[in-house]
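Shown below: protein_9.txt, with compact mmCIF, C-alpha atoms.
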```txt
# COMPACT_ATOMS: atom_id res chain seq x y z
CA MET A 7 72.29 -114.30 -40.06
CA LYS A 8 74.95 -112.75 -42.23
CA THR A 9 78.64 -113.39 -42.44
CA LYS A 10 81.22 -110.65 -42.27
CA PHE A 11 83.92 -110.57 -44.89
CA PRO A 12 87.24 -109.31 -43.48
CA ASP A 13 88.28 -108.57 -47.05
CA CYS A 14 85.48 -109.62 -49.39
CA LEU A 15 85.04 -110.01 -53.12
CA THR A 16 82.61 -111.38 -55.78
CA LEU A 17 81.91 -111.89 -59.46
CA SER A 18 80.78 -109.32 -62.00
CA ARG A 19 79.22 -110.87 -65.07
CA LEU A 20 79.99 -109.34 -68.45
CA PRO A 21 77.19 -108.48 -70.89
CA SER A 22 75.63 -111.56 -72.44
CA LEU A 23 75.90 -112.01 -76.18
CA ALA A 24 72.14 -112.14 -76.53
CA CYS A 25 72.01 -110.98 -80.12
CA ARG A 26 74.26 -109.46 -82.76
CA ARG A 27 73.61 -107.10 -85.60
CA SER A 28 75.61 -104.62 -87.62
CA ARG A 29 74.49 -101.15 -88.50
CA GLN A 30 75.93 -97.79 -89.48
CA SER A 31 75.69 -95.29 -86.66
CA SER A 32 77.46 -92.32 -85.20
CA LEU A 33 79.09 -92.93 -81.84
CA PHE A 34 78.99 -89.80 -79.70
CA GLY A 35 79.48 -87.66 -82.79
CA THR A 36 82.36 -89.69 -84.30
CA PRO A 37 82.21 -90.90 -87.93
CA ALA A 38 79.70 -93.63 -88.76
CA ARG A 39 80.95 -97.18 -88.33
CA SER A 40 79.68 -100.75 -88.08
CA VAL A 41 78.37 -101.61 -84.65
CA THR A 42 77.96 -105.05 -83.10
CA GLN A 43 75.36 -105.27 -80.37
CA LEU A 44 77.17 -106.95 -77.48
CA ALA A 45 74.28 -107.36 -75.10
CA MET A 46 70.56 -107.47 -75.01
CA SER A 47 68.44 -104.38 -74.88
CA PHE A 48 67.26 -104.20 -71.30
CA ARG A 49 63.70 -103.07 -70.59
CA GLY A 50 63.93 -103.20 -66.84
CA ILE A 51 60.38 -103.50 -65.54
CA ASN A 52 59.70 -106.66 -67.53
CA CYS A 53 62.96 -108.31 -66.53
CA ARG A 54 63.02 -111.77 -64.97
CA THR A 55 65.27 -112.55 -62.05
CA LYS A 56 66.19 -115.70 -60.24
CA ARG A 57 67.78 -115.33 -56.86
CA SER A 58 68.51 -117.85 -54.12
CA SER A 59 68.63 -117.05 -50.43
CA GLY A 60 71.63 -117.96 -48.34
CA ILE A 61 75.03 -116.76 -47.30
CA LEU A 62 78.17 -116.71 -49.38
CA THR A 63 81.00 -117.37 -46.95
CA HIS A 64 84.12 -116.54 -48.92
CA ALA A 65 86.61 -113.87 -47.95
CA LEU A 66 89.91 -112.56 -49.25
CA THR A 67 92.39 -112.66 -46.40
CA GLY A 68 94.72 -109.76 -45.83
CA SER A 69 94.71 -106.14 -46.96
CA VAL A 70 95.00 -104.78 -50.48
CA GLY A 71 95.38 -101.57 -52.41
CA ILE A 72 92.76 -101.10 -55.11
CA GLY A 73 91.79 -98.81 -57.96
CA CYS A 74 89.15 -98.49 -60.65
CA ALA A 75 87.13 -101.70 -61.12
CA VAL A 76 85.03 -103.53 -63.64
CA ALA A 77 81.57 -102.30 -62.79
CA LYS A 78 77.86 -102.95 -63.18
CA ILE A 79 76.50 -99.86 -64.90
CA LEU A 80 72.94 -98.76 -65.70
CA VAL A 81 72.55 -96.54 -68.78
CA VAL A 82 69.26 -94.63 -68.97
CA ASP A 83 68.63 -93.02 -72.35
CA ASP A 84 65.51 -93.01 -74.52
CA ASP A 85 67.63 -93.05 -77.69
CA GLU A 86 68.03 -96.82 -78.05
CA GLU A 87 70.66 -96.58 -80.80
CA PHE A 88 72.77 -94.23 -78.73
CA ALA A 89 72.37 -96.36 -75.59
CA LEU A 90 73.56 -99.45 -77.48
CA LEU A 91 76.65 -97.58 -78.59
CA ILE A 92 77.42 -96.62 -75.00
CA GLN A 93 76.91 -100.25 -74.04
CA GLU A 94 79.36 -101.41 -76.69
CA SER A 95 81.95 -98.76 -75.83
CA LEU A 96 81.94 -99.48 -72.09
CA GLY A 97 81.67 -103.21 -72.73
CA LEU A 98 85.12 -103.01 -74.30
CA GLU A 99 86.38 -102.07 -70.82
CA ASN A 100 84.69 -105.19 -69.39
CA HIS A 101 81.90 -103.28 -67.67
CA ALA A 102 78.55 -105.05 -67.39
CA VAL A 103 76.18 -102.50 -68.93
CA GLU A 104 72.39 -102.68 -68.66
CA LEU A 105 70.06 -100.43 -70.63
CA CYS A 106 66.81 -98.70 -69.75
CA HIS A 107 64.89 -96.28 -71.97
CA HIS A 108 62.16 -94.91 -69.69
CA GLY A 109 62.42 -92.70 -66.61
CA THR A 110 59.80 -94.48 -64.51
CA GLU A 111 61.34 -97.87 -65.27
CA ALA A 112 64.75 -96.48 -64.31
CA SER A 113 63.45 -95.46 -60.89
CA ASP A 114 62.01 -98.94 -60.44
CA LEU A 115 65.32 -100.59 -61.35
CA LEU A 116 67.32 -98.32 -59.07
CA GLY A 117 64.93 -99.18 -56.23
CA ARG A 118 65.33 -102.94 -56.74
CA TYR A 119 68.91 -103.51 -57.85
CA SER A 120 72.39 -102.28 -56.99
CA TYR A 121 74.67 -100.62 -59.53
CA ASP A 122 78.21 -99.29 -59.32
CA LEU A 123 77.44 -96.33 -61.55
CA VAL A 124 74.48 -94.75 -63.37
CA ILE A 125 74.68 -92.86 -66.68
CA LEU A 126 71.53 -90.77 -66.98
CA ASP A 127 69.94 -88.69 -69.73
CA TRP A 128 67.79 -85.69 -68.81
CA GLN A 129 64.94 -85.83 -71.31
CA LEU A 130 63.18 -89.16 -70.78
CA PRO A 131 59.61 -90.45 -71.20
CA GLY A 132 57.80 -90.83 -67.90
CA GLU A 133 59.95 -89.32 -65.17
CA THR A 134 62.64 -86.91 -66.32
CA GLY A 135 66.29 -87.63 -65.58
CA ILE A 136 66.25 -84.98 -62.87
CA GLU A 137 63.21 -86.59 -61.23
CA VAL A 138 64.90 -90.00 -61.37
CA LEU A 139 68.06 -88.51 -59.88
CA ARG A 140 66.31 -86.72 -57.02
CA LYS A 141 64.28 -89.79 -56.11
CA PHE A 142 67.48 -91.85 -56.15
CA ARG A 143 69.32 -89.40 -53.92
CA ASN A 144 66.37 -89.20 -51.53
CA ARG A 145 67.15 -92.81 -50.64
CA LYS A 146 70.54 -91.59 -49.36
CA THR A 147 72.44 -93.53 -52.02
CA GLN A 148 76.13 -92.91 -52.66
CA THR A 149 76.24 -94.52 -56.13
CA PRO A 150 77.92 -92.12 -58.58
CA VAL A 151 75.67 -90.67 -61.29
CA LEU A 152 76.98 -89.23 -64.56
CA MET A 153 74.50 -87.12 -66.50
CA LEU A 154 75.03 -87.55 -70.26
CA THR A 155 72.63 -85.22 -72.03
CA GLY A 156 72.04 -82.73 -74.80
CA MET A 157 71.11 -80.08 -72.23
CA THR A 158 74.35 -78.16 -72.58
CA ALA A 159 73.64 -74.69 -71.19
CA VAL A 160 75.56 -73.69 -68.07
CA PRO A 161 72.35 -73.29 -66.00
CA ASP A 162 71.34 -76.83 -67.01
CA LYS A 163 74.71 -78.22 -65.97
CA THR A 164 74.53 -76.35 -62.67
CA PHE A 165 70.99 -77.61 -62.03
CA GLY A 166 71.95 -81.20 -62.80
CA LEU A 167 74.96 -81.17 -60.50
CA ASP A 168 73.03 -79.45 -57.73
CA SER A 169 70.30 -82.08 -58.07
CA GLY A 170 72.74 -84.82 -57.14
CA ALA A 171 74.79 -85.72 -60.23
CA ASP A 172 78.48 -86.41 -59.61
CA ASP A 173 79.53 -85.46 -63.13
CA TYR A 174 77.91 -83.90 -66.19
CA LEU A 175 78.89 -84.60 -69.80
CA ALA A 176 77.28 -82.97 -72.81
CA LYS A 177 76.37 -84.86 -75.99
CA PRO A 178 78.09 -85.53 -78.26
CA ALA A 179 80.96 -86.91 -76.20
CA HIS A 180 84.01 -88.83 -77.34
CA PRO A 181 83.92 -92.46 -76.13
CA GLN A 182 87.43 -92.17 -74.70
CA GLU A 183 86.36 -89.21 -72.58
CA LEU A 184 83.27 -91.06 -71.40
CA ALA A 185 85.36 -94.11 -70.46
CA ALA A 186 87.86 -91.93 -68.61
CA ARG A 187 85.11 -90.17 -66.65
CA VAL A 188 83.61 -93.54 -65.74
CA ARG A 189 86.98 -94.74 -64.46
CA ALA A 190 87.44 -91.55 -62.46
CA LEU A 191 83.99 -91.82 -60.86
CA LEU A 192 84.58 -95.46 -59.92
CA ARG A 193 87.98 -94.64 -58.40
CA ARG A 194 86.48 -91.77 -56.46
CA ALA A 195 83.65 -93.94 -55.16
CA ALA A 196 86.18 -96.51 -53.95
CA GLY A 197 88.36 -93.84 -52.37
CA HIS A 198 91.41 -94.64 -54.48
CA VAL A 199 93.32 -93.07 -57.34
CA SER A 200 95.32 -95.97 -58.79
CA ASN A 201 94.31 -98.37 -61.56
CA ALA A 202 96.42 -101.15 -60.04
CA ILE A 203 95.68 -103.76 -57.40
CA THR A 204 98.46 -105.36 -55.40
CA TYR A 205 97.95 -108.20 -52.93
CA ARG A 206 100.78 -110.40 -51.66
CA ASP A 207 102.68 -111.27 -54.86
CA ILE A 208 99.62 -110.74 -57.06
CA GLU A 209 99.20 -107.64 -59.21
CA VAL A 210 95.99 -106.83 -61.06
CA ASP A 211 95.99 -104.23 -63.82
CA LEU A 212 92.39 -103.05 -64.12
CA GLU A 213 93.03 -100.99 -67.24
CA LYS A 214 94.77 -103.74 -69.23
CA HIS A 215 92.75 -106.49 -67.53
CA THR A 216 95.82 -108.57 -66.69
CA VAL A 217 96.94 -110.45 -63.58
CA THR A 218 100.47 -111.42 -62.60
CA LYS A 219 101.67 -113.59 -59.72
CA GLY A 220 105.31 -113.37 -58.76
CA GLY A 221 105.92 -111.43 -61.95
CA LYS A 222 104.42 -114.17 -64.15
CA ARG A 223 101.19 -113.62 -66.04
CA VAL A 224 98.13 -115.60 -64.91
CA ASP A 225 95.34 -116.03 -67.44
CA LEU A 226 91.88 -115.52 -65.95
CA LEU A 227 88.57 -115.84 -67.73
CA PRO A 228 86.54 -112.60 -67.78
CA ARG A 229 84.28 -113.81 -64.98
CA GLU A 230 87.24 -114.89 -62.89
CA PHE A 231 88.91 -111.52 -63.36
CA ALA A 232 85.70 -109.75 -62.39
CA LEU A 233 85.38 -111.94 -59.32
CA LEU A 234 88.89 -111.08 -58.18
CA GLN A 235 88.51 -107.33 -58.65
CA PHE A 236 85.10 -107.22 -56.97
CA PHE A 237 86.40 -109.03 -53.91
CA VAL A 238 89.22 -106.55 -53.34
CA ARG A 239 86.88 -103.63 -53.97
CA ASN A 240 84.56 -104.65 -51.15
CA THR A 241 86.63 -105.42 -48.09
CA ASN A 242 85.27 -105.46 -44.53
CA ARG A 243 81.67 -105.84 -45.62
CA VAL A 244 78.86 -108.33 -45.09
CA PHE A 245 76.92 -109.83 -48.01
CA SER A 246 74.11 -112.31 -48.46
CA ASN A 247 73.87 -114.26 -51.70
CA ASP A 248 70.96 -112.07 -52.78
CA GLU A 249 73.01 -108.92 -52.24
CA ILE A 250 75.98 -110.31 -54.13
CA MET A 251 73.98 -111.42 -57.15
CA ASN A 252 71.93 -108.22 -57.26
CA SER A 253 75.13 -106.20 -57.16
CA VAL A 254 77.33 -108.02 -59.63
CA TRP A 255 75.20 -110.04 -62.03
CA PRO A 256 72.92 -108.62 -64.73
CA SER A 257 69.47 -108.14 -63.30
CA ASP A 258 67.95 -110.83 -65.55
CA SER A 259 70.65 -113.40 -64.72
CA GLU A 260 69.86 -116.94 -63.64
CA ALA A 261 73.17 -117.26 -61.81
CA SER A 262 73.02 -119.24 -58.57
CA PRO A 263 75.22 -119.59 -55.48
CA GLU A 264 76.76 -122.65 -57.16
CA THR A 265 77.89 -120.42 -60.04
CA VAL A 266 79.75 -118.21 -57.58
CA LYS A 267 81.29 -121.15 -55.72
CA SER A 268 82.54 -122.63 -58.98
CA CYS A 269 84.18 -119.36 -60.00
CA VAL A 270 85.79 -118.97 -56.56
CA LYS A 271 87.23 -122.48 -56.87
CA ARG A 272 88.80 -121.68 -60.25
CA VAL A 273 90.38 -118.46 -58.97
CA ARG A 274 91.84 -120.30 -56.00
CA GLN A 275 93.34 -122.93 -58.26
CA LYS A 276 95.03 -120.30 -60.41
CA LEU A 277 96.27 -117.93 -57.69
CA ASP A 278 96.88 -119.92 -54.51
CA THR A 279 100.40 -121.06 -53.60
CA ASP A 280 100.92 -124.60 -52.35
CA GLY A 281 101.68 -124.72 -48.65
CA THR A 282 100.24 -121.27 -47.87
CA PRO A 283 96.73 -120.20 -46.86
CA SER A 284 94.34 -119.55 -49.74
CA ILE A 285 93.86 -115.94 -50.76
CA ILE A 286 90.12 -116.63 -50.46
CA ARG A 287 88.97 -118.44 -47.37
CA ASN A 288 85.65 -119.84 -46.21
CA ILE A 289 84.08 -118.33 -43.11
```
Give the structure from the file, written as structure tokens.
Amino acid sequence: MKTKFPDCLTLSRLPSLACRRSRQSSLFGTPARSVTQLAMSFRGINCRTKRSSGILTHALTGSVGIGCAVAKILVVDDDEEFALLIQESLGLENHAVELCHHGTEASDLLGRYSYDLVILDWQLPGETGIEVLRKFRNRKTQTPVLMLTGMTAVPDKTFGLDSGADDYLAKPAHPQELAARVRALLRRAAGHVSNAITYRDIEVDLEKHTVTKGGKRVDLLPREFALLQFFVRNTNRVFSNDEIMNSVWPSDSEASPETVKSCVKRVRQKLDTDGTPSIIRNI
């Protein structure tokens, strides 16, 4: 049995600080600079997951207007240095970015886990990016795919888009352009054009990552902010705990339903108004 969310939301976990190191690299063709690795290199097929069955029965009551959201993104590129730089760049926008460096492993991940967006190189070991893309689209998925590749000829771009890509960006690309295209694809997937969320007297700025209630700023932890934005991005849908955790936590996470309940409780405490129904209710 599943529970329907009239206006549902959940938590997106930011990249874990698994290890740090500095190096000199070139980011999308920009001058070399010191890079801090913000999250672990993700090898996909060897990942370990821990999921618990059950139903999460929380719902955001009412209707909202939404925009671009913090997202769970899979980056598939065999250049590990380059992939780490993408991870760092998009991590600055609070996206949870996982890495994969092999085409066959990418297909396996896309078959087992849910992502909000995929950034895909063309030339990969194992399956090519085009083969990964076609297999993904054959499952009738609507997840946006951005091809980021050195294949820059017009026929290549045409072939990639006709194979199912939603956007195509040639290397090298400026990180600001990549971030903007990611935001645009996420807005398009959600069917909205604004970067702002408004609900009752609460306003969420998804670009600045701020929340105000009645015009006064409310400080949310990154996980709390991600929980709030994910809820409003997924209204009128039904989720099991497995679906929620596969969609919004890193695929190697050991998060449990208790983790989600604890985060929901904190958001309620910060955003609910005494004497009025909670913005998030149990079903």
Handout entry: atom CA of Asp211 of chain A to atom CA of Asp172 of chain A, distance in Å rounded to a single decimal
Key = 25.3 Å
Handout entry: Shell around Glu230 of chain A at 10 Å using all atoms listed in the file, local window under 2 positions removed, as a PyMOL selection string
Key = chain A and resi 16-19+225-228+232-236+266+268-274+276
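The nearest approach to Lys78 of chain A among the residues A:Leu212, A:Ala185, A:Leu115, A:Val103, with all atoms listed in the file taken into account, belongs to A:Val103.
With atom CA of Gln148 of chain A on one side and atom CA of Ala195 of chain A on the other, the separation reads 8.0 Å.
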Problem - atom CA of Leu123 of chain A to atom CA of Val188 of chain A, distance in Å rounded to a single decimal - result: 8.0 Å
Exercise for the section: Could you tell me which of A:Asn252, A:Ser284, A:Ser257, A:Ser113 comes closest to Arg145 of chain A if we count only C-alpha atoms? Expected result: A:Ser113
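Comparing the minimum interatomic distances between His108 of chain A and each of A:Gln93, A:Thr204, A:Ser253, A:Thr134, counting all atoms listed in the file, we find that A:Thr134 sits nearest.
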Handout entry: Among the residues A:Thr279, A:Lys141, A:Glu213, A:Met157, the one that comes closest to Ala190 of chain A [using only C-alpha atoms]
Key = A:Glu213
Exercise for the section: Dig up all the protein and nucleic acid residues within 6 Å of (76.4, -98.4, -61.1) in the file frame, using only C-alpha atoms, and format them as number ranges by chain. Expected result: A: 78-80, 121-124
Practice task
Using all atoms listed in the file, pick whichever of A:Asp84, A:Glu249, A:Glu264, A:Glu133 has the shortest atom-to-atom distance to Tyr119 of chain A.
Solution key: A:Glu249
Atoms added to segment 269-287 of chain A (N, CA and C atoms), reported as a CSV table (one decimal), in the frame of the given file:
```
chain,number,residue,atom,x,y,z
A,269,CYS,N,83.2,-120.4,-59.6
A,269,CYS,CA,84.2,-119.4,-60.0
A,269,CYS,C,85.3,-119.1,-58.9
A,270,VAL,N,84.8,-119.1,-57.7
A,270,VAL,CA,85.8,-119.0,-56.6
A,270,VAL,C,86.8,-120.1,-56.6
A,271,LYS,N,86.3,-121.3,-56.8
A,271,LYS,CA,87.2,-122.5,-56.9
A,271,LYS,C,88.3,-122.3,-58.0
A,272,ARG,N,87.9,-121.8,-59.1
A,272,ARG,CA,88.8,-121.7,-60.2
A,272,ARG,C,89.8,-120.6,-59.9
A,273,VAL,N,89.4,-119.5,-59.3
A,273,VAL,CA,90.4,-118.5,-59.0
A,273,VAL,C,91.4,-119.0,-58.0
A,274,ARG,N,90.9,-119.7,-57.0
A,274,ARG,CA,91.8,-120.3,-56.0
A,274,ARG,C,92.9,-121.2,-56.7
A,275,GLN,N,92.4,-122.0,-57.6
A,275,GLN,CA,93.3,-122.9,-58.3
A,275,GLN,C,94.4,-122.2,-59.0
A,276,LYS,N,94.1,-121.0,-59.6
A,276,LYS,CA,95.0,-120.3,-60.4
A,276,LYS,C,95.9,-119.4,-59.6
A,277,LEU,N,95.5,-118.9,-58.4
A,277,LEU,CA,96.3,-117.9,-57.7
A,277,LEU,C,96.9,-118.4,-56.4
A,278,ASP,N,96.3,-119.5,-55.8
A,278,ASP,CA,96.9,-119.9,-54.5
A,278,ASP,C,98.3,-120.5,-54.7
A,279,THR,N,99.1,-120.5,-53.6
A,279,THR,CA,100.4,-121.1,-53.6
A,279,THR,C,100.4,-122.3,-52.7
A,280,ASP,N,100.9,-123.4,-53.2
A,280,ASP,CA,100.9,-124.6,-52.4
A,280,ASP,C,101.6,-124.3,-51.0
A,281,GLY,N,101.0,-124.8,-50.0
A,281,GLY,CA,101.7,-124.7,-48.6
A,281,GLY,C,101.4,-123.4,-47.9
A,282,THR,N,100.6,-122.5,-48.5
A,282,THR,CA,100.2,-121.3,-47.9
A,282,THR,C,98.7,-121.1,-47.9
A,283,PRO,N,98.2,-120.3,-46.9
A,283,PRO,CA,96.7,-120.2,-46.9
A,283,PRO,C,96.2,-119.6,-48.2
A,284,SER,N,95.0,-120.0,-48.5
A,284,SER,CA,94.3,-119.6,-49.7
A,284,SER,C,94.1,-118.0,-49.6
A,285,ILE,N,94.2,-117.4,-50.8
A,285,ILE,CA,93.9,-115.9,-50.8
A,285,ILE,C,92.4,-115.7,-50.5
A,286,ILE,N,91.6,-116.7,-50.7
A,286,ILE,CA,90.1,-116.6,-50.5
A,286,ILE,C,89.8,-117.8,-49.5
A,287,ARG,N,89.3,-117.4,-48.4
A,287,ARG,CA,89.0,-118.4,-47.4
A,287,ARG,C,87.5,-118.5,-47.0
```
